[in-house]
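K.L.:
Okay, handing you the structure first.
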Amino acid sequence: MNIDTRAQAQHALNRYRQEVYRNALKRRRAALFDLGEAVLTAPGRCNMAHLSLSPLFQRKWPSVPDALADGRLAPGRIRALIRPLIPQQTGGGRPVWAVDGTVFPRPQAETSPERTYGHYRTAGIPRHGVIPAWEYQWLGMVPQTTGSWFLPLDVARRGIPAGKPTAVAISQLRRVRHRQPPGTPRPVVTFDSNYDVGDLARAQHAPFPPQRLDLDVLVRVHPRRTFFRRPDPVAYAGRGRRPLHGAPFKLPDPTTQGEPDRAACVKDPRYGVVTVLVWADLHPFGQADLSLTLVRVSAEPGPGGRRLKPLWLAWSGAGVPADPLDLWRWYRLRFVCEHLFRFLKQDLGWTTVRPRWPQAADRWTWLLVLAIWHLWLARDLVADQPLPWERSLPPGHLTPGRVRHALGPFLPGLTHPQAPVHSRGKSPGRARGAGPGPRQRFRVVKRPKKPPNVAA
């Protein structure tokens, strides 16, 4: 990087820090800003007490819980702040976004409200289970075809009346997509099988433009589902209602699938021979007005490789890409979001800091969103500082963990917009005879099988 480019990158980072302090942070902004810097320079995941001991945290220990409990952030202004920073494409192609959810475990927090049951995976046996937690859903972009960067665009806690994950995802996509300037490239949004492709397709074709999603959708479907072709008009006998569904298309039964409309094959160094088959104009049961494209991705690994199960995807958008292999390449990028979840929990300590109230957890989560973008803007300004057992990475290929490891000596040289520390005097303390009493206990709420109708 030449001197002019480096100066521009450092100017952009300083401007980002100033905008965060002046616009994104509201009440107790100085303590929240110091807390964000302490997270970026901490040696690993730390709790609130250890974060207050950071040299960059200029205040005392009580300022950390006070900032999360009584501070204020503006999520709308945070989205407006990161909007011009979003890369316009992924590795030379179309922008690829991903939606996925993870849990904030709170199994023993009986005094914390709004806990629900969420799926949680552990390293031991059993590897997964259901525990009381706060559920968060992340929308982000994959900026590169290689690496572990995943840039969050929006995050929302799936509260008790929030409805299904698909409804929350549609709300997030509308907030982010509708506020992008005209002419922004149409993104490809990838989903796991927990999301309903029918609801997403209907949101794409909503009758009113404010509710319409201007994007393409690529959703993983369960391998035992059944779709249907269009009914044959010749077979109609002229009596009764015309049939809505034609011949079934069963994913586990190859005899019902017929010849694919398109096919492509490539030899991948990691997965072996990858074959992509495409069937057009299919729809789920009871949704004959939809037109989906089903994609089957299979891989034949080389000798000694682990055999992979076929992957079924559903595409809904403005035409299937010219190269069917692009569908597999786009969906493969969505797994980078797992790197973000691991980095948040194991390095930044997202779930190590355990506030009592869910609103404080929301502030802490948005503070880490700002930290991720801070690392992204600083990736070209720091030099790699690998540990003795790590290999060096070339410039431009640093991971978020490497950038965070090298940011400590570089951070004090940046502009610090927060106000200087002022003593607030000695607290008068609790009034004589006053007592807080026992804390209120809250039950874990079990979501109903049929959630109420909530406007997306």
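Each chain in the structure tokens gets a letter, A, B and so on, in the order shown; residues start at 1 in every chain, and ligands are counted from 1 in the order they appear.
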Would you kindly return, as a PyMOL selection string, each protein, DNA or RNA residue with an atom no farther than 9 Å from any atom of Leu311 in chain A, considering only C-alpha atoms and excluding same-chain residues fewer than 2 positions away?
P.N.:
chain A and resi 220-223+295-298+308-309+313
K.L.:
Identify, on the basis of only C-alpha atoms, every residue whose closest approach to Thr122 in chain A does not exceed 12 Å; exclude the query and any residue fewer than 6 positions from it along the same chain; express the result as a PyMOL selection string.
P.N.:
chain A and resi 105+128-131
K.L.:
Once you have the residues from the selection above, write them out as a PDB file, in the first residue's frame, restricted to N, CA and C atoms.
P.N.:
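The file below, out-v7.pdb, is the result:
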ATOM      1  N   PRO A 105     -26.683 -17.788  25.258  1.00  0.00           N
ATOM      2  CA  PRO A 105     -27.124 -18.706  26.316  1.00  0.00           C
ATOM      3  C   PRO A 105     -27.331 -18.000  27.651  1.00  0.00           C
ATOM      4  N   HIS A 128     -25.625 -31.148  20.952  1.00  0.00           N
ATOM      5  CA  HIS A 128     -26.612 -30.085  20.808  1.00  0.00           C
ATOM      6  C   HIS A 128     -27.762 -30.367  21.752  1.00  0.00           C
ATOM      7  N   GLY A 129     -28.473 -29.321  22.068  1.00  0.00           N
ATOM      8  CA  GLY A 129     -29.612 -29.439  22.961  1.00  0.00           C
ATOM      9  C   GLY A 129     -30.421 -28.163  22.925  1.00  0.00           C
ATOM     10  N   VAL A 130     -31.392 -28.077  23.797  1.00  0.00           N
ATOM     11  CA  VAL A 130     -32.267 -26.923  23.901  1.00  0.00           C
ATOM     12  C   VAL A 130     -32.078 -26.322  25.278  1.00  0.00           C
ATOM     13  N   ILE A 131     -31.729 -25.022  25.341  1.00  0.00           N
ATOM     14  CA  ILE A 131     -31.473 -24.352  26.604  1.00  0.00           C
ATOM     15  C   ILE A 131     -32.179 -23.004  26.594  1.00  0.00           C
TER      16      ILE A 131
END
K.L.:
Based on DSSP run over this structure's backbone, return all residues of range 178-415 of chain A in helix (DSSP H, G or I), as a PyMOL selection string.
P.N.:
chain A and resi 197-204+209-211+233-235+254-256+325-346+358-377+400-407+411-413
K.L.:
Calculate how many Å separate CA of Gly246 in chain A from CA of Gly198 in chain A, rounding to one decimal.
P.N.:
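So the two atoms, CA of Gly246 in chain A and CA of Gly198 in chain A, lie 17.8 Å apart.
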K.L.:
Pick the closest to Asp199 in chain A from A:Val266, A:Leu290, A:Ala133, A:Val278: which is it, counting only C-alpha atoms?
P.N.:
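Looking at the shortest contact to Asp199 in chain A, the residue is A:Leu290.
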K.L.:
Can you list, as a ChimeraX atom specification, every residue of range 227-391 of chain A that DSSP puts in strand (DSSP E)?
P.N.:
/A:227-228,248-250,262-268,272-282,292-300,311-316
K.L.:
Next, dump the selected residues to file, keeping only C-alpha atoms, as a PDB file, in the first residue's frame.
P.N.:
ATOM      1  CA  PHE A 227     -42.799 -29.984  -4.875  1.00  0.00           C
ATOM      2  CA  PHE A 228     -45.162 -30.012  -7.858  1.00  0.00           C
ATOM      3  CA  PRO A 248     -45.182 -34.435  -7.876  1.00  0.00           C
ATOM      4  CA  PHE A 249     -41.471 -33.771  -7.693  1.00  0.00           C
ATOM      5  CA  LYS A 250     -40.175 -35.726  -4.695  1.00  0.00           C
ATOM      6  CA  ARG A 262     -29.909 -27.510 -17.166  1.00  0.00           C
ATOM      7  CA  ALA A 263     -26.786 -29.206 -15.858  1.00  0.00           C
ATOM      8  CA  ALA A 264     -23.166 -28.289 -15.202  1.00  0.00           C
ATOM      9  CA  CYS A 265     -20.134 -30.090 -13.819  1.00  0.00           C
ATOM     10  CA  VAL A 266     -16.760 -28.915 -12.509  1.00  0.00           C
ATOM     11  CA  LYS A 267     -13.785 -30.467 -10.761  1.00  0.00           C
ATOM     12  CA  ASP A 268     -13.166 -28.759  -7.438  1.00  0.00           C
ATOM     13  CA  GLY A 272     -13.991 -33.371  -6.034  1.00  0.00           C
ATOM     14  CA  VAL A 273     -16.327 -33.535  -9.027  1.00  0.00           C
ATOM     15  CA  VAL A 274     -19.292 -31.223  -8.334  1.00  0.00           C
ATOM     16  CA  THR A 275     -22.478 -31.643 -10.392  1.00  0.00           C
ATOM     17  CA  VAL A 276     -25.293 -29.076 -10.421  1.00  0.00           C
ATOM     18  CA  LEU A 277     -28.727 -30.014 -11.825  1.00  0.00           C
ATOM     19  CA  VAL A 278     -31.499 -27.455 -12.302  1.00  0.00           C
ATOM     20  CA  TRP A 279     -35.294 -27.940 -12.627  1.00  0.00           C
ATOM     21  CA  ALA A 280     -37.378 -24.852 -13.381  1.00  0.00           C
ATOM     22  CA  ASP A 281     -40.991 -23.778 -12.698  1.00  0.00           C
ATOM     23  CA  LEU A 282     -41.876 -25.818  -9.602  1.00  0.00           C
ATOM     24  CA  LEU A 292     -39.326 -21.730  -8.008  1.00  0.00           C
ATOM     25  CA  THR A 293     -36.207 -23.293  -9.443  1.00  0.00           C
ATOM     26  CA  LEU A 294     -34.863 -26.368  -7.665  1.00  0.00           C
ATOM     27  CA  VAL A 295     -31.134 -27.063  -7.658  1.00  0.00           C
ATOM     28  CA  ARG A 296     -29.425 -30.312  -6.732  1.00  0.00           C
ATOM     29  CA  VAL A 297     -25.724 -30.137  -5.854  1.00  0.00           C
ATOM     30  CA  SER A 298     -23.814 -33.403  -5.536  1.00  0.00           C
ATOM     31  CA  ALA A 299     -20.110 -34.052  -5.088  1.00  0.00           C
ATOM     32  CA  GLU A 300     -18.017 -37.113  -5.864  1.00  0.00           C
ATOM     33  CA  LEU A 311     -27.639 -30.549  -1.311  1.00  0.00           C
ATOM     34  CA  TRP A 312     -31.048 -29.255  -2.424  1.00  0.00           C
ATOM     35  CA  LEU A 313     -31.565 -25.527  -2.971  1.00  0.00           C
ATOM     36  CA  ALA A 314     -34.521 -23.401  -4.069  1.00  0.00           C
ATOM     37  CA  TRP A 315     -33.925 -20.300  -6.173  1.00  0.00           C
ATOM     38  CA  SER A 316     -36.366 -17.418  -6.464  1.00  0.00           C
TER      39      SER A 316
END
K.L.:
Would you mind telling me which residue in A:Arg59, A:Arg241, A:His339, A:Arg15 lies nearest to Ala31 in chain A when using only C-alpha atoms?
P.N.:
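Answer, going by the shortest atom-to-atom distance: A:Arg59.
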K.L.:
Can you work out the spacing between CA of Val353 in chain A and CA of Val155 in chain A in Å, to one decimal?
P.N.:
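Interatomic distance, CA of Val353 in chain A to CA of Val155 in chain A: 17.7 Å.
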K.L.:
Just want the 7 Å neighbourhood of Glu135 in chain A, counted on only C-alpha atoms, with same-chain residues fewer than 2 positions away dropped. Output as a PDB file with C-alpha atoms, in the first residue's frame.
P.N.:
ATOM      1  CA  THR A 102     -27.500 -18.014  16.942  1.00  0.00           C
ATOM      2  CA  VAL A 103     -28.302 -17.959  20.646  1.00  0.00           C
ATOM      3  CA  PHE A 104     -27.068 -15.972  23.620  1.00  0.00           C
ATOM      4  CA  GLY A 118     -33.089 -22.118  21.692  1.00  0.00           C
ATOM      5  CA  ALA A 133     -31.426 -18.248  25.795  1.00  0.00           C
ATOM      6  CA  GLN A 137     -30.680 -13.240  13.994  1.00  0.00           C
ATOM      7  CA  ARG A 157     -33.200 -10.226  18.844  1.00  0.00           C
ATOM      8  CA  ARG A 158     -36.062 -12.559  18.110  1.00  0.00           C
TER       9      ARG A 158
END
